[in-house]
file start-v1.pdb (PDB, C-alpha atoms)
ATOM      1  CA  MET P   1     106.895 108.776 159.500
ATOM      2  CA  ALA P   2     103.699 106.888 158.954
ATOM      3  CA  LEU P   3     105.218 103.432 158.654
ATOM      4  CA  ASN P   4     106.842 101.801 161.651
ATOM      5  CA  THR P   5     109.812 100.309 159.927
ATOM      6  CA  SER P   6     111.312 100.075 156.535
ATOM      7  CA  VAL P   7     110.863  96.663 155.033
ATOM      8  CA  LYS P   8     113.080  93.722 155.933
ATOM      9  CA  PHE P   9     114.308  93.158 152.413
ATOM     10  CA  ALA P  10     116.111  89.885 152.954
ATOM     11  CA  SER P  11     112.897  88.132 153.951
ATOM     12  CA  LEU P  12     110.491  89.458 151.302
ATOM     13  CA  GLN P  13     108.480  86.899 149.381
ATOM     14  CA  GLU P  14     106.781  87.258 146.014
ATOM     15  CA  GLY P  15     103.082  87.908 146.514
ATOM     16  CA  GLN P  16     103.609  89.472 149.946
ATOM     17  CA  GLN P  17     101.363  92.454 150.734
ATOM     18  CA  LEU P  18     103.246  95.309 152.433
ATOM     19  CA  GLU P  19     102.022  97.788 155.034
ATOM     20  CA  SER P  20      99.995 100.606 153.437
ATOM     21  CA  LEU P  21     100.234 104.385 153.866
ATOM     22  CA  THR P  22      97.186 106.649 154.097
ATOM     23  CA  LYS P  23      97.822 110.307 153.357
ATOM     24  CA  PRO P  24      95.914 113.204 154.970
ATOM     25  CA  PRO P  25      93.116 114.506 152.706
ATOM     26  CA  VAL P  26      94.265 116.466 149.672
ATOM     27  CA  THR P  27      93.654 120.215 150.105
ATOM     28  CA  LYS P  28      93.291 123.092 147.647
ATOM     29  CA  VAL P  29      96.248 124.850 149.282
ATOM     30  CA  GLN P  30      98.290 121.717 148.646
ATOM     31  CA  LEU P  31      97.405 121.866 144.949
ATOM     32  CA  VAL P  32      98.582 125.494 144.801
ATOM     33  CA  LYS P  33     101.822 124.512 146.553
ATOM     34  CA  TYR P  34     102.312 121.593 144.198
ATOM     35  CA  ALA P  35     101.662 123.807 141.172
ATOM     36  CA  GLY P  36     104.388 126.173 142.359
ATOM     37  CA  ALA P  37     106.882 123.453 143.255
ATOM     38  CA  SER P  38     106.378 121.355 140.117
ATOM     39  CA  GLY P  39     105.903 124.221 137.662
ATOM     40  CA  ASP P  40     102.601 122.738 136.426
ATOM     41  CA  PHE P  41     100.322 125.776 136.441
ATOM     42  CA  ASN P  42      97.431 124.219 134.511
ATOM     43  CA  PRO P  43      94.450 126.091 136.082
ATOM     44  CA  LEU P  44      92.500 122.815 136.138
ATOM     45  CA  HIS P  45      94.326 122.191 139.432
ATOM     46  CA  THR P  46      93.989 125.614 141.044
ATOM     47  CA  ASP P  47      91.008 127.517 139.595
ATOM     48  CA  ASP P  48      87.530 126.144 140.378
ATOM     49  CA  ALA P  49      85.794 128.335 137.767
ATOM     50  CA  PHE P  50      88.183 127.105 135.069
ATOM     51  CA  ALA P  51      87.746 123.462 136.152
ATOM     52  CA  GLN P  52      83.949 123.872 136.014
ATOM     53  CA  LYS P  53      84.224 125.191 132.472
ATOM     54  CA  MET P  54      86.111 121.987 131.675
ATOM     55  CA  GLY P  55      83.179 119.943 132.965
ATOM     56  CA  MET P  56      84.532 119.137 136.444
ATOM     57  CA  ASP P  57      82.819 119.917 139.767
ATOM     58  CA  GLY P  58      85.897 121.909 140.727
ATOM     59  CA  VAL P  59      89.670 121.602 140.766
ATOM     60  CA  ILE P  60      91.288 118.175 140.541
ATOM     61  CA  ALA P  61      94.708 117.112 141.829
ATOM     62  CA  HIS P  62      97.757 116.867 139.600
ATOM     63  CA  GLY P  63      98.276 113.209 138.667
ATOM     64  CA  MET P  64     101.914 113.785 139.548
ATOM     65  CA  LEU P  65     100.955 114.740 143.118
ATOM     66  CA  VAL P  66      99.449 111.279 143.538
ATOM     67  CA  MET P  67     102.612 109.786 142.034
ATOM     68  CA  GLY P  68     104.447 111.892 144.619
ATOM     69  CA  PHE P  69     102.431 110.106 147.344
ATOM     70  CA  LEU P  70     103.458 106.741 145.895
ATOM     71  CA  GLY P  71     107.055 107.976 145.747
ATOM     72  CA  GLU P  72     106.895 108.947 149.431
ATOM     73  CA  TYR P  73     105.470 105.516 150.218
ATOM     74  CA  VAL P  74     108.081 103.578 148.251
ATOM     75  CA  MET P  75     110.937 105.593 149.752
ATOM     76  CA  GLU P  76     109.555 104.894 153.231
ATOM     77  CA  LEU P  77     109.431 101.186 152.485
ATOM     78  CA  ALA P  78     112.964 101.342 151.109
ATOM     79  CA  GLY P  79     114.314 103.257 154.099
ATOM     80  CA  ASN P  80     118.084 102.998 154.074
ATOM     81  CA  SER P  81     118.016  99.440 152.747
ATOM     82  CA  ALA P  82     117.349  99.961 149.046
ATOM     83  CA  GLU P  83     117.247 102.614 146.339
ATOM     84  CA  LEU P  84     114.798 103.134 143.502
ATOM     85  CA  SER P  85     115.964 102.187 140.037
ATOM     86  CA  HIS P  86     112.649 102.394 138.215
ATOM     87  CA  PHE P  87     109.259 103.893 139.054
ATOM     88  CA  GLN P  88     106.177 104.009 136.882
ATOM     89  CA  MET P  89     102.557 105.006 137.301
ATOM     90  CA  ARG P  90      99.432 104.889 135.169
ATOM     91  CA  PHE P  91      96.817 107.496 136.061
ATOM     92  CA  GLY P  92      93.251 106.356 136.761
ATOM     93  CA  SER P  93      90.293 108.183 138.332
ATOM     94  CA  VAL P  94      90.763 111.821 139.277
ATOM     95  CA  THR P  95      91.661 112.876 142.822
ATOM     96  CA  LYS P  96      89.779 115.838 144.316
ATOM     97  CA  PRO P  97      90.334 118.012 147.386
ATOM     98  CA  GLY P  98      89.104 116.095 150.423
ATOM     99  CA  ASP P  99      90.109 112.692 149.062
ATOM    100  CA  HIS P 100      92.150 110.440 151.344
ATOM    101  CA  ILE P 101      94.629 108.476 149.246
ATOM    102  CA  THR P 102      95.926 105.143 150.469
ATOM    103  CA  CYS P 103      99.069 103.702 148.914
ATOM    104  CA  SER P 104      99.584  99.962 149.011
ATOM    105  CA  SER P 105     101.895  97.436 147.422
ATOM    106  CA  VAL P 106     102.529  93.793 146.725
ATOM    107  CA  VAL P 107     105.938  92.239 146.061
ATOM    108  CA  SER P 108     105.724  91.131 142.434
ATOM    109  CA  LYS P 109     109.236  89.788 141.996
ATOM    110  CA  VAL P 110     112.458  89.165 143.910
ATOM    111  CA  PHE P 111     115.437  88.810 141.574
ATOM    112  CA  GLU P 112     119.172  89.153 141.017
ATOM    113  CA  LYS P 113     120.773  91.068 138.160
ATOM    114  CA  ALA P 114     124.489  91.643 137.601
ATOM    115  CA  GLY P 115     125.206  90.622 141.181
ATOM    116  CA  ASP P 116     122.650  93.010 142.668
ATOM    117  CA  HIS P 117     119.543  92.055 144.569
ATOM    118  CA  TYR P 118     116.273  93.649 143.382
ATOM    119  CA  ILE P 119     112.686  93.827 144.629
ATOM    120  CA  ALA P 120     109.864  94.701 142.235
ATOM    121  CA  LEU P 121     106.629  96.061 143.680
ATOM    122  CA  ASP P 122     103.160  96.502 142.219
ATOM    123  CA  LEU P 123     101.740  99.748 143.579
ATOM    124  CA  GLN P 124      98.229 101.054 143.953
ATOM    125  CA  ALA P 125      96.784 104.387 145.058
ATOM    126  CA  GLU P 126      93.112 104.420 145.940
ATOM    127  CA  LYS P 127      90.510 106.683 147.522
ATOM    128  CA  ALA P 128      88.585 105.786 150.680
ATOM    129  CA  SER P 129      85.728 104.745 148.350
ATOM    130  CA  GLY P 130      88.012 102.082 146.882
ATOM    131  CA  LYS P 131      88.257 103.891 143.548
ATOM    132  CA  VAL P 132      91.723 103.387 142.087
ATOM    133  CA  VAL P 133      93.411 106.657 141.161
ATOM    134  CA  GLY P 134      96.604 105.056 139.979
ATOM    135  CA  THR P 135      98.499 101.840 139.571
ATOM    136  CA  GLY P 136     102.211 101.563 139.212
ATOM    137  CA  LYS P 137     105.411  99.633 139.580
ATOM    138  CA  ALA P 138     108.668 100.253 141.373
ATOM    139  CA  THR P 139     111.965  98.404 141.227
ATOM    140  CA  LEU P 140     114.282  98.728 144.209
ATOM    141  CA  ARG P 141     117.950  97.789 144.306
ATOM    142  CA  VAL P 142     118.984  96.568 147.730
ATOM    143  CA  PHE P 143     122.100  98.346 149.038
TER
ATOM    144  CA  MET M   1      95.606 116.235 112.229
ATOM    145  CA  ASP M   2      97.141 113.074 113.635
ATOM    146  CA  LEU M   3     100.825 112.751 114.325
ATOM    147  CA  ASP M   4     102.929 110.474 112.166
ATOM    148  CA  LYS M   5     105.877 108.255 112.970
ATOM    149  CA  SER M   6     108.363 110.601 111.318
ATOM    150  CA  ILE M   7     108.457 112.549 114.591
ATOM    151  CA  ILE M   8     110.145 109.646 116.442
ATOM    152  CA  GLY M   9     113.679 110.699 117.302
ATOM    153  CA  LEU M  10     112.988 114.427 117.159
ATOM    154  CA  SER M  11     114.657 116.288 119.999
ATOM    155  CA  GLY M  12     114.243 119.669 121.646
ATOM    156  CA  GLU M  13     116.803 122.299 122.557
ATOM    157  CA  LYS M  14     119.161 121.296 125.346
ATOM    158  CA  PHE M  15     118.524 123.071 128.630
ATOM    159  CA  THR M  16     120.017 123.049 132.103
ATOM    160  CA  PHE M  17     118.207 122.365 135.350
ATOM    161  CA  GLU M  18     119.899 123.641 138.477
ATOM    162  CA  VAL M  19     118.777 121.650 141.474
ATOM    163  CA  GLU M  20     118.258 123.941 144.456
ATOM    164  CA  LYS M  21     117.912 122.805 148.053
ATOM    165  CA  GLY M  22     114.924 125.111 148.647
ATOM    166  CA  HIS M  23     113.186 123.805 145.539
ATOM    167  CA  ILE M  24     113.579 120.212 146.745
ATOM    168  CA  ARG M  25     112.226 121.208 150.171
ATOM    169  CA  ARG M  26     109.178 122.975 148.679
ATOM    170  CA  PHE M  27     108.522 120.044 146.345
ATOM    171  CA  ALA M  28     108.615 117.520 149.226
ATOM    172  CA  GLU M  29     106.483 119.821 151.417
ATOM    173  CA  ALA M  30     103.801 120.120 148.728
ATOM    174  CA  ILE M  31     103.533 116.331 148.649
ATOM    175  CA  GLY M  32     103.520 116.270 152.454
ATOM    176  CA  ASP M  33     106.601 114.042 152.359
ATOM    177  CA  ASN M  34     108.653 114.485 155.537
ATOM    178  CA  ASN M  35     111.449 112.083 154.629
ATOM    179  CA  PRO M  36     114.602 113.620 156.201
ATOM    180  CA  LEU M  37     116.643 112.512 153.154
ATOM    181  CA  TYR M  38     115.263 115.590 151.386
ATOM    182  CA  ALA M  39     115.821 118.196 154.102
ATOM    183  CA  ASN M  40     118.211 117.079 156.822
ATOM    184  CA  GLU M  41     121.855 117.086 155.691
ATOM    185  CA  LYS M  42     123.161 115.566 158.911
ATOM    186  CA  TYR M  43     120.707 112.674 158.755
ATOM    187  CA  ALA M  44     121.233 112.129 155.030
ATOM    188  CA  SER M  45     125.027 112.114 155.343
ATOM    189  CA  GLU M  46     124.780 109.063 157.631
ATOM    190  CA  THR M  47     122.697 107.029 155.155
ATOM    191  CA  PRO M  48     123.940 105.006 152.156
ATOM    192  CA  TYR M  49     123.127 108.087 150.027
ATOM    193  CA  GLY M  50     125.872 110.017 151.823
ATOM    194  CA  GLY M  51     123.960 113.283 151.581
ATOM    195  CA  MET M  52     120.644 114.855 150.696
ATOM    196  CA  ILE M  53     118.783 113.738 147.582
ATOM    197  CA  ALA M  54     115.607 114.783 145.753
ATOM    198  CA  PRO M  55     112.285 112.886 145.950
ATOM    199  CA  PRO M  56     111.709 110.312 143.175
ATOM    200  CA  THR M  57     109.189 112.413 141.233
ATOM    201  CA  PHE M  58     111.310 115.588 141.410
ATOM    202  CA  PRO M  59     112.594 115.291 137.784
ATOM    203  CA  ILE M  60     109.078 116.313 136.682
ATOM    204  CA  ALA M  61     109.952 119.848 137.827
ATOM    205  CA  ALA M  62     112.610 120.135 135.107
ATOM    206  CA  ALA M  63     110.940 121.940 132.261
ATOM    207  CA  GLY M  64     112.204 123.516 129.115
ATOM    208  CA  GLY M  65     113.508 122.774 125.644
ATOM    209  CA  ASP M  66     110.224 122.455 123.808
ATOM    210  CA  LEU M  67     110.100 120.019 120.931
ATOM    211  CA  PRO M  68     110.011 121.368 117.371
ATOM    212  CA  LEU M  69     106.481 120.021 117.096
ATOM    213  CA  ASP M  70     103.095 121.637 116.835
ATOM    214  CA  LEU M  71     101.192 119.749 119.539
ATOM    215  CA  ASP M  72      97.616 120.643 120.439
ATOM    216  CA  THR M  73      97.691 120.731 124.242
ATOM    217  CA  ARG M  74      93.887 120.324 124.386
ATOM    218  CA  ARG M  75      94.322 116.860 122.883
ATOM    219  CA  MET M  76      97.052 115.800 125.291
ATOM    220  CA  LEU M  77      96.261 113.685 128.326
ATOM    221  CA  HIS M  78      99.055 112.533 130.645
ATOM    222  CA  GLY M  79      98.263 108.828 130.808
ATOM    223  CA  GLU M  80     101.397 107.413 132.332
ATOM    224  CA  GLN M  81     104.669 108.544 133.863
ATOM    225  CA  GLU M  82     107.872 106.609 134.293
ATOM    226  CA  PHE M  83     111.270 107.405 135.802
ATOM    227  CA  ILE M  84     114.469 105.474 135.205
ATOM    228  CA  TYR M  85     117.162 106.302 137.743
ATOM    229  CA  TYR M  86     120.895 105.955 137.235
ATOM    230  CA  GLN M  87     122.242 108.213 140.003
ATOM    231  CA  PRO M  88     120.505 110.120 142.806
ATOM    232  CA  ILE M  89     119.673 113.777 142.122
ATOM    233  CA  ARG M  90     121.276 116.039 144.730
ATOM    234  CA  PRO M  91     120.989 119.692 145.705
ATOM    235  CA  GLY M  92     123.605 121.708 143.848
ATOM    236  CA  ASP M  93     123.511 119.427 140.781
ATOM    237  CA  CYS M  94     123.410 121.055 137.390
ATOM    238  CA  LEU M  95     121.598 118.682 135.062
ATOM    239  CA  TYR M  96     121.904 118.854 131.299
ATOM    240  CA  CYS M  97     118.511 117.989 129.900
ATOM    241  CA  GLN M  98     116.988 117.291 126.545
ATOM    242  CA  MET M  99     113.541 116.139 125.499
ATOM    243  CA  LYS M 100     113.160 113.481 122.799
ATOM    244  CA  VAL M 101     110.290 111.758 121.053
ATOM    245  CA  ASN M 102     110.887 108.146 122.071
ATOM    246  CA  ASP M 103     107.862 106.589 120.373
ATOM    247  CA  LEU M 104     104.508 107.119 118.732
ATOM    248  CA  TYR M 105     102.034 104.256 118.467
ATOM    249  CA  GLU M 106      98.356 103.582 118.021
ATOM    250  CA  ARG M 107      95.979 101.416 120.004
ATOM    251  CA  GLU M 108      92.347 100.622 119.503
ATOM    252  CA  GLY M 109      90.332 102.134 122.338
ATOM    253  CA  LYS M 110      86.652 102.297 123.236
ATOM    254  CA  SER M 111      86.204 105.395 121.094
ATOM    255  CA  GLY M 112      88.227 104.213 118.113
ATOM    256  CA  SER M 113      91.923 104.444 117.442
ATOM    257  CA  MET M 114      94.031 106.488 119.880
ATOM    258  CA  GLN M 115      97.559 107.761 119.516
ATOM    259  CA  PHE M 116     100.153 107.524 122.263
ATOM    260  CA  LEU M 117     103.149 109.800 122.332
ATOM    261  CA  VAL M 118     106.149 108.812 124.453
ATOM    262  CA  LEU M 119     108.355 111.768 125.398
ATOM    263  CA  ASP M 120     111.659 111.283 127.229
ATOM    264  CA  THR M 121     113.518 113.973 129.106
ATOM    265  CA  GLU M 122     117.088 112.764 129.502
ATOM    266  CA  MET M 123     119.026 114.294 132.370
ATOM    267  CA  LYS M 124     122.810 114.024 132.419
ATOM    268  CA  ASP M 125     125.570 115.254 134.687
ATOM    269  CA  GLN M 126     128.504 117.487 133.718
ATOM    270  CA  GLU M 127     130.475 114.438 132.519
ATOM    271  CA  GLY M 128     127.635 113.355 130.244
ATOM    272  CA  GLN M 129     126.640 110.392 132.426
ATOM    273  CA  MET M 130     122.913 109.711 132.572
ATOM    274  CA  VAL M 131     121.311 110.686 135.894
ATOM    275  CA  ALA M 132     117.638 110.018 135.153
ATOM    276  CA  ILE M 133     115.139 109.674 132.351
ATOM    277  CA  SER M 134     111.664 111.087 132.865
ATOM    278  CA  ARG M 135     109.318 109.357 130.424
ATOM    279  CA  MET M 136     105.876 110.766 129.814
ATOM    280  CA  ASN M 137     103.243 108.738 128.005
ATOM    281  CA  ILE M 138     100.695 111.086 126.499
ATOM    282  CA  ILE M 139      97.379 110.071 125.025
ATOM    283  CA  TYR M 140      96.839 112.228 121.953
ATOM    284  CA  ARG M 141      93.062 112.284 121.735
ATOM    285  CA  LYS M 142      90.828 113.103 118.821
ATOM    286  CA  LEU M 143      88.815 116.197 119.616
ATOM    287  CA  THR M 144      85.101 115.679 119.212
ATOM    288  CA  THR M 145      83.881 118.038 116.517
ATOM    289  CA  LYS M 146      81.066 120.363 117.473
TER
END
call {"tool": "encode", "arguments": {"input": "start-v1.pdb", "output": "C-alpha cells"}}
result
Amino acid sequence: MALNTSVKFASLQEGQQLESLTKPPVTKVQLVKYAGASGDFNPLHTDDAFAQKMGMDGVIAHGMLVMGFLGEYVMELAGNSAELSHFQMRFGSVTKPGDHITCSSVVSKVFEKAGDHYIALDLQAEKASGKVVGTGKATLRVF
Amino acid sequence: MDLDKSIIGLSGEKFTFEVEKGHIRRFAEAIGDNNPLYANEKYASETPYGGMIAPPTFPIAAAGGDLPLDLDTRRMLHGEQEFIYYQPIRPGDCLYCQMKVNDLYEREGKSGSMQFLVLDTEMKDQEGQMVAISRMNIIYRKLTTK
C-alpha cells in the first residue's frame, strides 16, 4: 500500500489536509484492461486513430478510471476504521497515457448523524502539471 | 431536439447483475488497486466487512436495461458521477437493477443553455433492500451545426 497508515479518525479536524497518493503513470494497456473490466468500450479510450478523428492527440483515460483512483485512495484512508456511505466526482481535464495522477483530500466536516460518527472529505485528482482532472467528495461512516 | 421534463421518472427494464469474484479482481487490477479487501478472503474475513467486497466504483460495471428514450450519444458527456452506498457489494451477490431518470434541468453555460440529465441505477438485493445507487450526471450538449 502506498500510504503508511489509515487515518486516525478520532483525531481528525475540519480543514486538515490528509496524506496524498500518487499513482503510477496511466498506460494504454491499463485503459484496455479498464475497458474490459468496466464494460465501457468507447474507442475514445482504446483506439488512437478514433480518438484523433474526435480531435484528440490520441486516446484519453476513462473518467471512471480516475474516479477509481480516488476510490482506491479513500478506501486506503478508511482502512478498517470507516466505510464509504457516499462518493461523488466531477470530471475536469482529460487524463492521457503517461499522466501521473495524485489524489489528495481535506477534511471538510466531522459530524454525527443518528448516533453514527461521520467524516466528510473534499477530494482532488490532479496531474503532475497541477491540472485538476477531477474534484469530488466522500462521506465515511466510522465503524 | 432537446429533452423535456416529461421524461423524469421514466424507468428502464429491470436487469440482474451477478457479482463475480474474478470480475471484481479484474476491475481492481485495471485501476491498479491492490487493496486486499477485494482479493484476499482470509484478510477480508478479519476486517469489519467480514468478507470480500467490491471497490467503490464497481457498480459502474453493471450495465443493462436501457431507458425507453431516444438519446443521442454524441451529445452526451459524463460530467459527474455519484454513488450512494447502503450495503457493501460482495462476490456472489445477485443485484436487481433498474435505471431511472431522476432529473432533467437546465443551466446557463458559456455557450448558452445546457441540459443536464440525471440517471440513477438502483441496485437492490433479493429482499428488495437497496444496496447502492449509481447516479450519473450527463451533460446533454447542443451539437454545433455544420
call {"tool": "resolve_selection", "arguments": {"input": "start-v1.pdb", "expression": "the ChimeraX specification (/P :<8) & /M", "output": "list in words"}}
result
His23, Arg26, Phe27, Ala30, Ile31, Asp33, Asn34, Asn35, Thr47, Pro48, Pro55, Pro56, Thr57, Phe58, Ile60, Ala61, Ala63, His78, Gly79, Glu80, Gln81, Glu82, Phe83, Ile84, Tyr85 and Tyr86 of chain M
call {"tool": "write_last_selection", "arguments": {"input": "start-v1.pdb", "atoms": "C-alpha atoms", "output": "mmCIF file, in the coordinates of the input"}}
result
data_model
loop_
_atom_site.group_PDB
_atom_site.id
_atom_site.type_symbol
_atom_site.label_atom_id
_atom_site.label_comp_id
_atom_site.auth_asym_id
_atom_site.auth_seq_id
_atom_site.Cartn_x
_atom_site.Cartn_y
_atom_site.Cartn_z
ATOM 1 C CA HIS M 23 113.186 123.805 145.539
ATOM 2 C CA ARG M 26 109.178 122.975 148.679
ATOM 3 C CA PHE M 27 108.522 120.044 146.345
ATOM 4 C CA ALA M 30 103.801 120.120 148.728
ATOM 5 C CA ILE M 31 103.533 116.331 148.649
ATOM 6 C CA ASP M 33 106.601 114.042 152.359
ATOM 7 C CA ASN M 34 108.653 114.485 155.537
ATOM 8 C CA ASN M 35 111.449 112.083 154.629
ATOM 9 C CA THR M 47 122.697 107.029 155.155
ATOM 10 C CA PRO M 48 123.940 105.006 152.156
ATOM 11 C CA PRO M 55 112.285 112.886 145.950
ATOM 12 C CA PRO M 56 111.709 110.312 143.175
ATOM 13 C CA THR M 57 109.189 112.413 141.233
ATOM 14 C CA PHE M 58 111.310 115.588 141.410
ATOM 15 C CA ILE M 60 109.078 116.313 136.682
ATOM 16 C CA ALA M 61 109.952 119.848 137.827
ATOM 17 C CA ALA M 63 110.940 121.940 132.261
ATOM 18 C CA HIS M 78 99.055 112.533 130.645
ATOM 19 C CA GLY M 79 98.263 108.828 130.808
ATOM 20 C CA GLU M 80 101.397 107.413 132.332
ATOM 21 C CA GLN M 81 104.669 108.544 133.863
ATOM 22 C CA GLU M 82 107.872 106.609 134.293
ATOM 23 C CA PHE M 83 111.270 107.405 135.802
ATOM 24 C CA ILE M 84 114.469 105.474 135.205
ATOM 25 C CA TYR M 85 117.162 106.302 137.743
ATOM 26 C CA TYR M 86 120.895 105.955 137.235
#
call {"tool": "atom_distance", "arguments": {"input": "start-v1.pdb", "atom1": "atom CA of Lys21 of chain M", "atom2": "atom CA of Tyr43 of chain M"}}
result
15.0 Å
call {"tool": "atom_distance", "arguments": {"input": "start-v1.pdb", "atom1": "atom CA of Lys109 of chain P", "atom2": "atom CA of Ala44 of chain M"}}
result
28.5 Å
call {"tool": "resolve_selection", "arguments": {"input": "start-v1.pdb", "expression": "the PyMOL selection byres ((chain M and resi 98) around 9)", "output": "list in words"}}
result
Ser11, Gly12, Glu13, Lys14, Phe15, Thr16, Gly64, Gly65, Asp66, Tyr96, Cys97, Met99, Lys100, Asp120, Thr121, Glu122, Met123 and Lys124 of chain M
call {"tool": "write_last_selection", "arguments": {"input": "start-v1.pdb", "atoms": "C-alpha atoms", "output": "PDB file, in the coordinates of the input"}}
result
ATOM      1  CA  SER M  11     114.657 116.288 119.999  1.00  0.00           C
ATOM      2  CA  GLY M  12     114.243 119.669 121.646  1.00  0.00           C
ATOM      3  CA  GLU M  13     116.803 122.299 122.557  1.00  0.00           C
ATOM      4  CA  LYS M  14     119.161 121.296 125.346  1.00  0.00           C
ATOM      5  CA  PHE M  15     118.524 123.071 128.630  1.00  0.00           C
ATOM      6  CA  THR M  16     120.017 123.049 132.103  1.00  0.00           C
ATOM      7  CA  GLY M  64     112.204 123.516 129.115  1.00  0.00           C
ATOM      8  CA  GLY M  65     113.508 122.774 125.644  1.00  0.00           C
ATOM      9  CA  ASP M  66     110.224 122.455 123.808  1.00  0.00           C
ATOM     10  CA  TYR M  96     121.904 118.854 131.299  1.00  0.00           C
ATOM     11  CA  CYS M  97     118.511 117.989 129.900  1.00  0.00           C
ATOM     12  CA  MET M  99     113.541 116.139 125.499  1.00  0.00           C
ATOM     13  CA  LYS M 100     113.160 113.481 122.799  1.00  0.00           C
ATOM     14  CA  ASP M 120     111.659 111.283 127.229  1.00  0.00           C
ATOM     15  CA  THR M 121     113.518 113.973 129.106  1.00  0.00           C
ATOM     16  CA  GLU M 122     117.088 112.764 129.502  1.00  0.00           C
ATOM     17  CA  MET M 123     119.026 114.294 132.370  1.00  0.00           C
ATOM     18  CA  LYS M 124     122.810 114.024 132.419  1.00  0.00           C
TER      19      LYS M 124
END
call {"tool": "atom_distance", "arguments": {"input": "start-v1.pdb", "atom1": "atom CA of Met54 of chain P", "atom2": "atom CA of Asn42 of chain P"}}
result
11.9 Å
call {"tool": "residues_around", "arguments": {"input": "start-v1.pdb", "residues": "Ile119 of chain P", "least_positions_apart": "4", "cutoff": "9 Å", "atoms": "all atoms listed in the file", "output": "list of chain:residue names"}}
result
P:Phe9, P:Leu12, P:Glu14, P:Ala82, P:Val107, P:Ser108, P:Lys109, P:Val110, P:Phe111, P:Glu112, P:Ala138, P:Thr139, P:Leu140, P:Arg141, P:Val142
call {"tool": "closest_residue", "arguments": {"input": "start-v1.pdb", "among": "M:Gly109, M:Pro91, M:Pro59, M:Pro68", "to": "Ala132 of chain M", "atoms": "only C-alpha atoms"}}
result
M:Pro59
call {"tool": "residues_around", "arguments": {"input": "start-v1.pdb", "residues": "Val106 of chain P", "least_positions_apart": "4", "cutoff": "10 Å", "atoms": "all atoms listed in the file", "output": "list of chain:residue names"}}
result
P:Gln13, P:Glu14, P:Gly15, P:Gln16, P:Gln17, P:Leu18, P:Glu19, P:Ser20, P:Ala120, P:Leu121, P:Asp122, P:Leu123, P:Gln124, P:Lys137
call {"tool": "residues_around", "arguments": {"input": "start-v1.pdb", "residues": "Arg141 of chain M", "least_positions_apart": "6", "cutoff": "10 Å", "atoms": "all atoms listed in the file", "output": "VMD selection string"}}
result
chain M and resid 2 72 to 77 111 113 to 116
